[in-house]
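Shown below: data_24.cif, with mmCIF, C-alpha atoms and all ligand atoms.
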data_my_file
loop_
_atom_site.label_atom_id
_atom_site.label_comp_id
_atom_site.auth_asym_id
_atom_site.auth_seq_id
_atom_site.Cartn_x
_atom_site.Cartn_y
_atom_site.Cartn_z
CA MET G 13 -17.51 -23.94 27.89
CA SER G 14 -13.75 -23.45 27.66
CA ALA G 15 -11.97 -22.86 30.95
CA THR G 16 -9.03 -20.98 29.44
CA PRO G 17 -9.51 -17.59 27.85
CA LEU G 18 -8.01 -16.93 24.45
CA LEU G 19 -7.55 -13.30 25.45
CA GLU G 20 -7.33 -12.05 28.98
CA LEU G 21 -6.85 -8.46 30.09
CA ARG G 22 -5.75 -7.56 33.59
CA GLY G 23 -5.53 -4.17 35.26
CA ILE G 24 -6.03 -2.10 32.12
CA ASP G 25 -5.92 1.67 32.64
CA LYS G 26 -6.44 4.22 29.90
CA SER G 27 -6.64 7.99 30.20
CA PHE G 28 -6.99 10.74 27.69
CA GLY G 29 -5.17 13.65 29.30
CA PRO G 30 -6.75 14.14 32.72
CA VAL G 31 -9.76 11.97 31.93
CA GLN G 32 -9.44 8.36 33.05
CA VAL G 33 -11.66 6.33 30.75
CA LEU G 34 -10.67 2.77 31.77
CA ARG G 35 -9.77 1.89 35.32
CA ASP G 36 -8.22 -1.43 36.34
CA VAL G 37 -10.25 -3.31 33.76
CA ALA G 38 -10.24 -7.11 33.71
CA PHE G 39 -11.77 -8.90 30.75
CA ALA G 40 -11.64 -12.34 29.20
CA ALA G 41 -12.77 -13.78 25.87
CA TYR G 42 -13.03 -17.55 25.50
CA PRO G 43 -12.67 -19.68 22.36
CA GLY G 44 -15.97 -21.12 21.19
CA GLU G 45 -17.95 -18.53 23.14
CA VAL G 46 -19.71 -15.25 22.56
CA THR G 47 -18.89 -12.68 25.22
CA ALA G 48 -21.24 -9.72 25.21
CA LEU G 49 -19.62 -6.43 26.19
CA VAL G 50 -22.32 -4.15 27.53
CA GLY G 51 -22.36 -0.70 29.07
CA ASP G 52 -24.11 2.63 28.76
CA ASN G 53 -23.06 5.31 26.29
CA GLY G 54 -19.63 6.52 27.37
CA ALA G 55 -18.93 3.52 29.62
CA GLY G 56 -15.71 2.80 27.73
CA LYS G 57 -16.61 -0.09 25.41
CA SER G 58 -15.14 1.46 22.26
CA THR G 59 -12.05 2.57 24.13
CA LEU G 60 -11.52 -0.96 25.45
CA VAL G 61 -11.94 -2.42 21.96
CA LYS G 62 -9.50 0.13 20.55
CA CYS G 63 -6.96 -0.95 23.18
CA ILE G 64 -7.47 -4.61 22.22
CA SER G 65 -7.16 -3.84 18.52
CA GLY G 66 -4.00 -1.77 18.96
CA ILE G 67 -5.49 1.58 17.95
CA TYR G 68 -4.86 2.95 21.45
CA SER G 69 -2.00 1.97 23.69
CA THR G 70 -2.84 1.32 27.33
CA ASP G 71 -1.32 3.18 30.29
CA ALA G 72 -1.13 0.09 32.48
CA GLY G 73 -2.15 -3.55 32.50
CA GLN G 74 -1.42 -6.88 30.92
CA PHE G 75 -2.61 -8.71 27.84
CA ILE G 76 -2.46 -12.48 27.87
CA PHE G 77 -3.16 -14.25 24.60
CA ASP G 78 -3.28 -18.02 24.41
CA GLY G 79 -1.66 -18.19 27.84
CA GLN G 80 1.28 -15.95 26.91
CA PRO G 81 1.83 -12.30 27.83
CA VAL G 82 1.71 -10.20 24.65
CA SER G 83 2.11 -6.54 23.73
CA ILE G 84 -0.35 -4.91 21.39
CA HIS G 85 0.96 -1.56 20.24
CA SER G 86 -0.56 -1.33 16.77
CA PRO G 87 -3.37 -2.77 14.66
CA ARG G 88 -0.68 -4.84 12.96
CA ASP G 89 0.20 -6.46 16.31
CA ALA G 90 -3.48 -7.26 16.88
CA ALA G 91 -3.93 -8.63 13.35
CA SER G 92 -0.88 -10.86 13.70
CA LEU G 93 -2.49 -12.44 16.77
CA GLY G 94 -5.67 -12.98 14.77
CA ILE G 95 -7.72 -10.19 16.33
CA GLU G 96 -10.20 -8.53 13.96
CA VAL G 97 -12.83 -5.89 14.62
CA VAL G 98 -16.01 -5.42 12.60
CA TYR G 99 -17.20 -1.86 13.12
CA GLN G 100 -20.81 -0.79 13.11
CA ASP G 101 -20.30 1.54 10.16
CA LEU G 102 -18.86 -1.45 8.35
CA ALA G 103 -16.11 0.20 6.32
CA LEU G 104 -17.28 -1.57 3.19
CA CYS G 105 -16.89 0.28 -0.11
CA ASP G 106 -20.18 0.57 -1.96
CA ASN G 107 -18.58 0.79 -5.37
CA LEU G 108 -16.61 -2.44 -4.97
CA ASP G 109 -17.89 -5.98 -5.25
CA ILE G 110 -17.92 -8.54 -2.44
CA VAL G 111 -14.57 -10.12 -3.32
CA GLN G 112 -12.90 -6.74 -3.73
CA ASN G 113 -14.24 -5.65 -0.34
CA MET G 114 -13.16 -8.81 1.42
CA PHE G 115 -9.58 -8.46 0.14
CA LEU G 116 -9.35 -4.67 0.23
CA GLY G 117 -5.79 -3.70 1.19
CA ARG G 118 -4.70 -7.36 1.39
CA GLU G 119 -5.17 -8.39 -2.23
CA LYS G 120 -3.67 -11.62 -3.49
CA ARG G 121 -1.37 -11.18 -6.46
CA ARG G 122 0.16 -13.47 -9.01
CA GLY G 123 3.20 -11.56 -10.22
CA ILE G 124 2.02 -8.03 -10.87
CA VAL G 125 -1.62 -8.88 -11.55
CA LEU G 126 -4.36 -9.53 -9.04
CA ASP G 127 -5.07 -13.20 -8.50
CA GLU G 128 -8.83 -12.94 -8.98
CA PRO G 129 -9.58 -16.70 -9.17
CA THR G 130 -7.82 -17.37 -5.84
CA MET G 131 -9.52 -14.44 -4.12
CA GLU G 132 -12.91 -15.47 -5.48
CA GLN G 133 -12.38 -19.05 -4.32
CA MET G 134 -11.23 -17.98 -0.84
CA ALA G 135 -14.20 -15.63 -0.51
CA ALA G 136 -16.60 -18.39 -1.62
CA GLU G 137 -15.06 -20.89 0.81
CA THR G 138 -15.23 -18.44 3.70
CA LEU G 139 -18.90 -17.67 3.06
CA ALA G 140 -19.66 -21.38 2.62
CA GLY G 141 -17.78 -22.16 5.84
CA LEU G 142 -20.13 -19.75 7.60
CA SER G 143 -23.12 -21.34 5.85
CA VAL G 144 -23.93 -18.06 4.16
CA ARG G 145 -26.20 -18.69 1.21
CA THR G 146 -28.04 -15.41 0.93
CA VAL G 147 -25.52 -13.72 -1.37
CA LYS G 148 -26.33 -14.33 -5.07
CA SER G 149 -23.05 -13.37 -6.71
CA LEU G 150 -19.65 -12.61 -5.23
CA ARG G 151 -19.21 -10.11 -8.01
CA GLN G 152 -22.14 -7.89 -7.08
CA HIS G 153 -21.39 -4.45 -5.69
CA VAL G 154 -22.05 -4.22 -1.98
CA SER G 155 -24.30 -1.20 -2.69
CA SER G 156 -26.86 -3.73 -3.97
CA LEU G 157 -26.86 -5.75 -0.73
CA SER G 158 -29.31 -5.52 2.15
CA GLY G 159 -28.12 -4.36 5.56
CA GLY G 160 -27.98 -7.92 6.82
CA GLN G 161 -26.03 -9.11 3.78
CA ARG G 162 -23.58 -6.24 4.18
CA GLN G 163 -23.05 -7.17 7.81
CA THR G 164 -22.50 -10.78 6.72
CA VAL G 165 -19.85 -9.72 4.21
CA ALA G 166 -18.14 -7.55 6.84
CA ILE G 167 -18.06 -10.49 9.26
CA ALA G 168 -16.85 -12.90 6.57
CA LYS G 169 -14.11 -10.39 5.72
CA ALA G 170 -12.97 -10.47 9.34
CA VAL G 171 -12.79 -14.26 9.50
CA LEU G 172 -11.03 -14.62 6.15
CA TRP G 173 -7.67 -13.97 7.79
CA ASN G 174 -7.45 -16.95 10.13
CA SER G 175 -8.81 -14.76 12.88
CA ARG G 176 -9.11 -16.22 16.34
CA LEU G 177 -10.87 -13.36 18.09
CA VAL G 178 -13.55 -11.34 16.33
CA ILE G 179 -15.03 -8.25 17.93
CA LEU G 180 -18.38 -7.14 16.55
CA ASP G 181 -19.45 -3.58 17.27
CA GLU G 182 -23.26 -3.39 17.31
CA PRO G 183 -23.71 -5.71 14.31
CA THR G 184 -27.51 -5.59 14.42
CA ALA G 185 -27.97 -1.89 15.24
CA ALA G 186 -29.32 -0.94 11.83
CA LEU G 187 -31.21 -4.15 11.04
CA GLY G 188 -34.83 -5.28 11.06
CA VAL G 189 -36.13 -8.35 12.87
CA ALA G 190 -35.43 -11.02 10.22
CA GLN G 191 -31.98 -9.70 9.34
CA THR G 192 -31.08 -9.40 13.01
CA ALA G 193 -31.96 -13.07 13.48
CA GLN G 194 -29.74 -14.01 10.51
CA VAL G 195 -26.80 -12.01 11.79
CA LEU G 196 -27.17 -13.42 15.31
CA GLU G 197 -27.17 -16.92 13.84
CA LEU G 198 -23.94 -16.05 12.08
CA VAL G 199 -22.46 -14.68 15.32
CA ARG G 200 -23.33 -17.96 17.03
CA ARG G 201 -21.79 -19.94 14.17
CA LEU G 202 -18.51 -18.04 14.48
CA ALA G 203 -18.25 -19.18 18.10
CA ASP G 204 -19.38 -22.70 17.22
CA ASN G 205 -16.50 -22.77 14.71
CA GLY G 206 -14.13 -22.18 17.65
CA LEU G 207 -13.56 -18.44 17.45
CA ALA G 208 -13.67 -16.22 20.49
CA VAL G 209 -16.37 -13.66 19.72
CA VAL G 210 -16.91 -10.37 21.51
CA LEU G 211 -20.25 -8.75 20.82
CA ILE G 212 -20.80 -5.12 21.75
CA SER G 213 -24.52 -4.50 22.02
CA HIS G 214 -27.07 -2.24 23.63
CA ASN G 215 -29.80 -4.70 22.76
CA MET G 216 -30.51 -7.03 25.70
CA ASN G 217 -32.58 -9.38 23.54
CA ASP G 218 -29.57 -9.92 21.27
CA VAL G 219 -27.26 -10.29 24.25
CA PHE G 220 -29.41 -12.96 25.89
CA ALA G 221 -30.14 -14.68 22.57
CA VAL G 222 -26.55 -15.28 21.62
CA SER G 223 -24.02 -14.75 24.42
CA ASP G 224 -22.37 -17.25 26.75
CA ARG G 225 -20.99 -14.58 29.05
CA ILE G 226 -21.74 -10.96 29.75
CA ALA G 227 -19.14 -8.36 30.68
CA ALA G 228 -20.56 -5.10 32.02
CA LEU G 229 -18.63 -1.84 31.96
CA TYR G 230 -19.78 1.04 34.11
CA LEU G 231 -17.99 4.39 33.99
CA GLY G 232 -14.78 2.75 32.86
CA GLN G 233 -14.82 -0.09 35.37
CA MET G 234 -15.60 -3.74 34.61
CA VAL G 235 -18.25 -4.29 37.25
CA ALA G 236 -19.00 -7.92 36.36
CA GLN G 237 -18.20 -10.68 33.91
CA VAL G 238 -20.55 -13.58 34.42
CA LYS G 239 -22.10 -16.50 32.59
CA THR G 240 -25.28 -15.45 30.82
CA THR G 241 -27.17 -18.30 32.48
CA ASP G 242 -26.21 -16.88 35.91
CA ILE G 243 -27.74 -13.44 35.46
CA THR G 244 -31.12 -11.96 34.62
CA HIS G 245 -32.02 -9.32 32.11
CA ALA G 246 -32.98 -6.96 34.97
CA GLN G 247 -29.62 -7.49 36.72
CA VAL G 248 -27.71 -6.63 33.56
CA VAL G 249 -29.75 -3.45 33.18
CA GLU G 250 -28.93 -2.55 36.79
CA LEU G 251 -25.22 -3.19 36.26
CA ILE G 252 -25.28 -0.99 33.18
CA THR G 253 -27.19 1.85 34.79
CA ALA G 254 -26.04 1.72 38.42
CA GLY G 255 -22.82 -0.29 38.37
CA ARG G 256 -24.17 -2.89 40.73
CA SER G 257 -26.97 -5.35 41.23
CA GLY G 258 -27.29 -7.23 44.49
CA GLU G 259 -24.04 -9.06 45.11
CA LEU G 260 -22.67 -8.12 41.71
CA GLY G 261 -20.69 -5.05 40.78
CA LEU G 262 -19.51 -2.08 42.78
CA VAL G 263 -19.34 -2.49 46.54
CA THR G 264 -19.66 1.15 47.43
CA GLU G 265 -22.09 3.73 46.13
CA PRO G 266 -20.54 5.04 42.91
CA ALA G 267 -19.50 8.68 43.13
CA THR G 268 -18.29 10.37 40.00
CA ASN G 269 -15.14 12.42 40.12
CA GLY G 270 -16.31 15.14 37.80
CA ASN G 271 -14.82 13.45 34.75
CA GLY G 272 -17.59 10.89 34.71
CA ALA G 273 -15.31 8.21 36.17
CA ALA G 274 -16.09 6.28 39.32
CA PRO G 275 -13.57 6.11 42.17
CA ALA G 276 -10.89 3.45 42.12
CA GLY G 277 -11.06 0.37 44.30
CA SER G 278 -14.81 0.19 44.45
CA THR G 279 -15.46 -2.88 42.40
CA THR G 280 -15.90 -6.56 43.05
CA GLY G 281 -16.45 -7.31 39.42
CA GLY G 282 -14.14 -10.18 38.67
CA VAL G 283 -13.98 -12.55 35.76
CA SER G 284 -15.88 -15.77 36.39
N1 LIG G 301 -10.02 10.39 22.26
C1 LIG G 301 -10.67 10.71 23.38
N2 LIG G 301 -10.31 11.81 24.11
C2 LIG G 301 -10.95 12.13 25.25
N3 LIG G 301 -11.98 11.42 25.76
C3 LIG G 301 -12.39 10.34 25.09
C4 LIG G 301 -11.76 9.92 23.87
N4 LIG G 301 -12.39 8.79 23.44
C5 LIG G 301 -13.35 8.52 24.34
N5 LIG G 301 -13.35 9.45 25.32
C6 LIG G 301 -14.25 9.47 26.48
O1 LIG G 301 -14.17 8.21 27.08
C7 LIG G 301 -15.44 7.81 27.58
C8 LIG G 301 -15.77 6.45 27.02
O2 LIG G 301 -16.03 6.54 25.63
P1 LIG G 301 -16.29 5.27 24.71
O3 LIG G 301 -16.53 5.78 23.32
O4 LIG G 301 -15.22 4.29 24.91
O5 LIG G 301 -17.65 4.73 25.33
P2 LIG G 301 -18.66 3.64 24.75
O6 LIG G 301 -19.01 2.76 25.90
O7 LIG G 301 -18.11 2.99 23.55
O8 LIG G 301 -19.92 4.52 24.39
P3 LIG G 301 -21.00 4.36 23.18
O9 LIG G 301 -21.88 3.21 23.54
O10 LIG G 301 -21.71 5.65 23.22
O11 LIG G 301 -20.23 4.15 21.90
C9 LIG G 301 -16.42 8.90 27.20
O12 LIG G 301 -16.61 9.73 28.32
C10 LIG G 301 -15.71 9.62 26.09
O13 LIG G 301 -16.07 10.97 26.05
#
Show me, as structure tokens, the structure contained in the file I just sent.
Amino acid sequence: MSATPLLELRGIDKSFGPVQVLRDVAFAAYPGEVTALVGDNGAGKSTLVKCISGIYSTDAGQFIFDGQPVSIHSPRDAASLGIEVVYQDLALCDNLDIVQNMFLGREKRRGIVLDEPTMEQMAAETLAGLSVRTVKSLRQHVSSLSGGQRQTVAIAKAVLWNSRLVILDEPTAALGVAQTAQVLELVRRLADNGLAVVLISHNMNDVFAVSDRIAALYLGQMVAQVKTTDITHAQVVELITAGRSGELGLVTEPATNGNGAAPAGSTTGGVS
């Protein structure tokens, strides 16, 4: 395992008006590893990801990327660092083919015409680099693909751009058993290729099957980030539902402040 995170967050706060959604959040994503980001509905996972991807600006805290402090104020800032997010609802266009989807909004041109051969070759190389062989033709419309194949194309699209950190939002949520296994294999391969991968998931089987570390958010606080081999399934469930489990997580009994947020200063959850 790598000792140095590719991305590290320290002391992140984020409020929407009077509602504090993230409180003093620490988080780290390591190259070559899958970090599972877990938490109950409303814990703040999406908000954290939107801060990392520049959709939301943070109220306080530091971002350190590759050892350097960075500012992420827009999706463009995040993309220029090589941060890509694959959302659960995929944002693929049914009426476009695989190549068109992978290059949507970032098309290659030769003069004023689209450079189809280059785009097709880059798409083919990216899929081959991920050992994806399930797609018959790069020119088929994504409407004709299975859920697992669509997810694969969405992930390949994210890694096409020399990404270094890929965040996957519930990539297996809509998939059956066999397709889930395929997508998890692909998630593992991304990390094995050296990328830092963040996997948001509610599915503990997926989390334990593929992650190297688990980061647990509870009511906007990062209550633990630990190696997957150092924690049990039951402990993760406790962290998600109660904010603590034995030595891990919140020190004091969590008390909500009426906005659903736990009090400040009640966490031991560091980054290990
Ligand atoms: N734009 C917003 N304005 C006000 N409150 C918001 C906004 N976005 C999120 N919240 C609140 O922040 C909290 C965290 O929401 P978030 O969507 O980040 O949680 P989540 O962990 O991703 O949940 P889920 O698993 O259900 O997607 C929730 O209480 C939510 O209502």
Could you give me, as JSON lines, a per-residue list for chain G showing, wherever an atom lies at most 10 Å from an atom of ligand LIG 301 (chain G), the closest pair of atoms and their distance in Å to one decimal, using all atoms listed in the file and sorting by chain then residue number from low to high?
{"residue": "G:Lys26", "atom": "CA", "partner": "G:LIG301", "partner_atom": "O1", "distance": 9.1}
{"residue": "G:Ser27", "atom": "CA", "partner": "G:LIG301", "partner_atom": "N3", "distance": 7.7}
{"residue": "G:Phe28", "atom": "CA", "partner": "G:LIG301", "partner_atom": "C2", "distance": 4.9}
{"residue": "G:Gly29", "atom": "CA", "partner": "G:LIG301", "partner_atom": "C2", "distance": 7.2}
{"residue": "G:Pro30", "atom": "CA", "partner": "G:LIG301", "partner_atom": "C2", "distance": 8.8}
{"residue": "G:Val31", "atom": "CA", "partner": "G:LIG301", "partner_atom": "N3", "distance": 6.6}
{"residue": "G:Gln32", "atom": "CA", "partner": "G:LIG301", "partner_atom": "O1", "distance": 7.6}
{"residue": "G:Val33", "atom": "CA", "partner": "G:LIG301", "partner_atom": "O1", "distance": 4.8}
{"residue": "G:Leu34", "atom": "CA", "partner": "G:LIG301", "partner_atom": "C8", "distance": 7.9}
{"residue": "G:Leu49", "atom": "CA", "partner": "G:LIG301", "partner_atom": "O6", "distance": 9.2}
{"residue": "G:Val50", "atom": "CA", "partner": "G:LIG301", "partner_atom": "O6", "distance": 7.8}
{"residue": "G:Gly51", "atom": "CA", "partner": "G:LIG301", "partner_atom": "O6", "distance": 5.8}
{"residue": "G:Asp52", "atom": "CA", "partner": "G:LIG301", "partner_atom": "O9", "distance": 5.7}
{"residue": "G:Asn53", "atom": "CA", "partner": "G:LIG301", "partner_atom": "O10", "distance": 3.4}
{"residue": "G:Gly54", "atom": "CA", "partner": "G:LIG301", "partner_atom": "O5", "distance": 3.4}
{"residue": "G:Ala55", "atom": "CA", "partner": "G:LIG301", "partner_atom": "O6", "distance": 3.8}
{"residue": "G:Gly56", "atom": "CA", "partner": "G:LIG301", "partner_atom": "O4", "distance": 3.2}
{"residue": "G:Lys57", "atom": "CA", "partner": "G:LIG301", "partner_atom": "O6", "distance": 3.8}
{"residue": "G:Ser58", "atom": "CA", "partner": "G:LIG301", "partner_atom": "O7", "distance": 3.6}
{"residue": "G:Thr59", "atom": "CA", "partner": "G:LIG301", "partner_atom": "O4", "distance": 3.7}
{"residue": "G:Leu60", "atom": "CA", "partner": "G:LIG301", "partner_atom": "O4", "distance": 6.4}
{"residue": "G:Val61", "atom": "CA", "partner": "G:LIG301", "partner_atom": "O4", "distance": 8.0}
{"residue": "G:Lys62", "atom": "CA", "partner": "G:LIG301", "partner_atom": "O4", "distance": 8.3}
{"residue": "G:Cys63", "atom": "CA", "partner": "G:LIG301", "partner_atom": "O4", "distance": 9.9}
{"residue": "G:Tyr68", "atom": "CA", "partner": "G:LIG301", "partner_atom": "N1", "distance": 9.1}
{"residue": "G:Asp181", "atom": "CA", "partner": "G:LIG301", "partner_atom": "O11", "distance": 9.0}
{"residue": "G:Glu182", "atom": "CA", "partner": "G:LIG301", "partner_atom": "O9", "distance": 9.2}
{"residue": "G:Ile212", "atom": "CA", "partner": "G:LIG301", "partner_atom": "O9", "distance": 8.6}
{"residue": "G:Ser213", "atom": "CA", "partner": "G:LIG301", "partner_atom": "O9", "distance": 8.3}
{"residue": "G:His214", "atom": "CA", "partner": "G:LIG301", "partner_atom": "O9", "distance": 7.5}
{"residue": "G:Leu229", "atom": "CA", "partner": "G:LIG301", "partner_atom": "O6", "distance": 7.6}
{"residue": "G:Tyr230", "atom": "CA", "partner": "G:LIG301", "partner_atom": "O6", "distance": 8.4}
{"residue": "G:Leu231", "atom": "CA", "partner": "G:LIG301", "partner_atom": "C8", "distance": 7.6}
{"residue": "G:Gly232", "atom": "CA", "partner": "G:LIG301", "partner_atom": "C8", "distance": 7.0}
{"residue": "G:Asn271", "atom": "CA", "partner": "G:LIG301", "partner_atom": "O12", "distance": 7.6}
{"residue": "G:Gly272", "atom": "CA", "partner": "G:LIG301", "partner_atom": "O12", "distance": 6.6}
{"residue": "G:Ala273", "atom": "CA", "partner": "G:LIG301", "partner_atom": "O12", "distance": 8.1}
Exercise for the section: Rounded to one decimal place, report the atom CA of G:Thr184-atom CA of G:Ala168 distance in Å. Expected result: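 Atom-to-atom, atom CA of G:Thr184 to atom CA of G:Ala168, that is 15.1 Å.
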So that I can see what lies close to G:Val209, please list as a JSON list (two decimals) with C-alpha atoms, in the frame of the given file the residues with an atom at most 12 Å from it, counting only C-alpha atoms and leaving out residues fewer than 5 positions away in the same chain.
[["chain", "number", "residue", "atom", "x", "y", "z"],
["G", 17, "PRO", "CA", -9.51, -17.59, 27.85],
["G", 18, "LEU", "CA", -8.01, -16.93, 24.45],
["G", 19, "LEU", "CA", -7.55, -13.30, 25.45],
["G", 40, "ALA", "CA", -11.64, -12.34, 29.20],
["G", 41, "ALA", "CA", -12.77, -13.78, 25.87],
["G", 42, "TYR", "CA", -13.03, -17.55, 25.50],
["G", 43, "PRO", "CA", -12.67, -19.68, 22.36],
["G", 44, "GLY", "CA", -15.97, -21.12, 21.19],
["G", 45, "GLU", "CA", -17.95, -18.53, 23.14],
["G", 46, "VAL", "CA", -19.71, -15.25, 22.56],
["G", 47, "THR", "CA", -18.89, -12.68, 25.22],
["G", 48, "ALA", "CA", -21.24, -9.72, 25.21],
["G", 49, "LEU", "CA", -19.62, -6.43, 26.19],
["G", 94, "GLY", "CA", -5.67, -12.98, 14.77],
["G", 95, "ILE", "CA", -7.72, -10.19, 16.33],
["G", 96, "GLU", "CA", -10.20, -8.53, 13.96],
["G", 97, "VAL", "CA", -12.83, -5.89, 14.62],
["G", 98, "VAL", "CA", -16.01, -5.42, 12.60],
["G", 167, "ILE", "CA", -18.06, -10.49, 9.26],
["G", 170, "ALA", "CA", -12.97, -10.47, 9.34],
["G", 171, "VAL", "CA", -12.79, -14.26, 9.50],
["G", 175, "SER", "CA", -8.81, -14.76, 12.88],
["G", 176, "ARG", "CA", -9.11, -16.22, 16.34],
["G", 177, "LEU", "CA", -10.87, -13.36, 18.09],
["G", 178, "VAL", "CA", -13.55, -11.34, 16.33],
["G", 179, "ILE", "CA", -15.03, -8.25, 17.93],
["G", 180, "LEU", "CA", -18.38, -7.14, 16.55],
["G", 181, "ASP", "CA", -19.45, -3.58, 17.27],
["G", 196, "LEU", "CA", -27.17, -13.42, 15.31],
["G", 198, "LEU", "CA", -23.94, -16.05, 12.08],
["G", 199, "VAL", "CA", -22.46, -14.68, 15.32],
["G", 200, "ARG", "CA", -23.33, -17.96, 17.03],
["G", 201, "ARG", "CA", -21.79, -19.94, 14.17],
["G", 202, "LEU", "CA", -18.51, -18.04, 14.48],
["G", 203, "ALA", "CA", -18.25, -19.18, 18.10],
["G", 204, "ASP", "CA", -19.38, -22.70, 17.22],
["G", 222, "VAL", "CA", -26.55, -15.28, 21.62],
["G", 223, "SER", "CA", -24.02, -14.75, 24.42],
["G", 224, "ASP", "CA", -22.37, -17.25, 26.75],
["G", 225, "ARG", "CA", -20.99, -14.58, 29.05],
["G", 226, "ILE", "CA", -21.74, -10.96, 29.75]]
Exercise for the section: Rounded to one decimal place, report the atom CA of G:Ile76-atom CA of G:Gly261 distance in Å. Expected result: 23.5 Å
Practice task
Excluding G:Ala136 and residues on its chain fewer than 4 positions from it, collect all residues at most 8 Å away from it, counting only C-alpha atoms, and give them as a ChimeraX atom specification.
Solution key: /G:132,140,150
Practice task
Select, from G:Ala72, G:Val235, G:Met114, G:Leu126, the residue with the minimum atom-to-atom distance to G:Val165, counting all atoms listed in the file.
Solution key: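 Ranking G:Ala72, G:Val235, G:Met114, G:Leu126 by distance to G:Val165, first place goes to G:Met114.
The space separating atom CA of G:Gln152 from atom CA of G:Gln194 comes to 20.1 Å.
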Handout entry: Nearest candidate to G:Gln163 (options G:Thr192, G:Thr253, G:Asn217, G:Gln237; using only C-alpha atoms)
Key =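 Of G:Thr192, G:Thr253, G:Asn217, G:Gln237, the one nearest G:Gln163 is G:Thr192, counting only C-alpha atoms.
Closest approach to G:Glu119 among G:Ala221, G:Tyr99, G:Gln161, G:Ala135: G:Ala135, based on all atoms listed in the file.
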Exercise for the section: Return the single residue from G:Ser65, G:Ser158, G:Thr164, G:Gln100 that is closest to G:Leu139, with distances computed using all atoms listed in the file. Expected result: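 Between G:Ser65, G:Ser158, G:Thr164, G:Gln100, the residue approaching G:Leu139 most closely is G:Thr164.
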Using only C-alpha atoms, determine which residues lie at most 7 Å from G:His153, disregarding the query and same-chain residues fewer than 4 positions distant; provide the list as a CSV table (one decimal) with C-alpha atoms, keeping the file's coordinate frame.
chain,number,residue,atom,x,y,z
G,106,ASP,CA,-20.2,0.6,-2.0
G,107,ASN,CA,-18.6,0.8,-5.4
G,108,LEU,CA,-16.6,-2.4,-5.0
G,109,ASP,CA,-17.9,-6.0,-5.2
G,110,ILE,CA,-17.9,-8.5,-2.4
Completion exercise
For G:Phe75, the closest of G:Leu104, G:Leu21, G:Ala193, G:Val144 counting only C-alpha atoms is G:Leu21
Stretch 131-144 of chain G rebuilt with N, CA and C atoms, output as a PDB file, keeping the file's coordinate frame:
ATOM      1  N   MET G 131      -8.740 -15.261  -5.054  1.00  0.00           N
ATOM      2  CA  MET G 131      -9.520 -14.440  -4.120  1.00  0.00           C
ATOM      3  C   MET G 131     -10.992 -14.835  -4.145  1.00  0.00           C
ATOM      4  N   GLU G 132     -11.496 -15.099  -5.366  1.00  0.00           N
ATOM      5  CA  GLU G 132     -12.910 -15.470  -5.480  1.00  0.00           C
ATOM      6  C   GLU G 132     -13.150 -16.801  -4.764  1.00  0.00           C
ATOM      7  N   GLN G 133     -12.214 -17.731  -4.948  1.00  0.00           N
ATOM      8  CA  GLN G 133     -12.380 -19.050  -4.320  1.00  0.00           C
ATOM      9  C   GLN G 133     -12.301 -18.937  -2.782  1.00  0.00           C
ATOM     10  N   MET G 134     -11.359 -18.133  -2.302  1.00  0.00           N
ATOM     11  CA  MET G 134     -11.230 -17.980  -0.840  1.00  0.00           C
ATOM     12  C   MET G 134     -12.475 -17.312  -0.257  1.00  0.00           C
ATOM     13  N   ALA G 135     -12.988 -16.313  -0.987  1.00  0.00           N
ATOM     14  CA  ALA G 135     -14.200 -15.630  -0.510  1.00  0.00           C
ATOM     15  C   ALA G 135     -15.367 -16.613  -0.463  1.00  0.00           C
ATOM     16  N   ALA G 136     -15.499 -17.419  -1.548  1.00  0.00           N
ATOM     17  CA  ALA G 136     -16.600 -18.390  -1.620  1.00  0.00           C
ATOM     18  C   ALA G 136     -16.479 -19.410  -0.486  1.00  0.00           C
ATOM     19  N   GLU G 137     -15.254 -19.875  -0.245  1.00  0.00           N
ATOM     20  CA  GLU G 137     -15.060 -20.890   0.810  1.00  0.00           C
ATOM     21  C   GLU G 137     -15.371 -20.317   2.192  1.00  0.00           C
ATOM     22  N   THR G 138     -14.968 -19.057   2.384  1.00  0.00           N
ATOM     23  CA  THR G 138     -15.230 -18.440   3.700  1.00  0.00           C
ATOM     24  C   THR G 138     -16.725 -18.306   3.927  1.00  0.00           C
ATOM     25  N   LEU G 139     -17.441 -17.826   2.908  1.00  0.00           N
ATOM     26  CA  LEU G 139     -18.900 -17.670   3.060  1.00  0.00           C
ATOM     27  C   LEU G 139     -19.558 -19.036   3.243  1.00  0.00           C
ATOM     28  N   ALA G 140     -19.084 -20.032   2.481  1.00  0.00           N
ATOM     29  CA  ALA G 140     -19.660 -21.380   2.620  1.00  0.00           C
ATOM     30  C   ALA G 140     -19.380 -21.934   4.013  1.00  0.00           C
ATOM     31  N   GLY G 141     -18.167 -21.684   4.511  1.00  0.00           N
ATOM     32  CA  GLY G 141     -17.780 -22.160   5.840  1.00  0.00           C
ATOM     33  C   GLY G 141     -18.663 -21.557   6.936  1.00  0.00           C
ATOM     34  N   LEU G 142     -19.221 -20.399   6.642  1.00  0.00           N
ATOM     35  CA  LEU G 142     -20.130 -19.750   7.600  1.00  0.00           C
ATOM     36  C   LEU G 142     -21.588 -20.054   7.269  1.00  0.00           C
ATOM     37  N   SER G 143     -21.778 -20.966   6.321  1.00  0.00           N
ATOM     38  CA  SER G 143     -23.120 -21.340   5.850  1.00  0.00           C
ATOM     39  C   SER G 143     -23.921 -20.148   5.364  1.00  0.00           C
ATOM     40  N   VAL G 144     -23.224 -19.219   4.710  1.00  0.00           N
ATOM     41  CA  VAL G 144     -23.930 -18.060   4.160  1.00  0.00           C
ATOM     42  C   VAL G 144     -24.388 -18.381   2.746  1.00  0.00           C
TER      43      VAL G 144
END
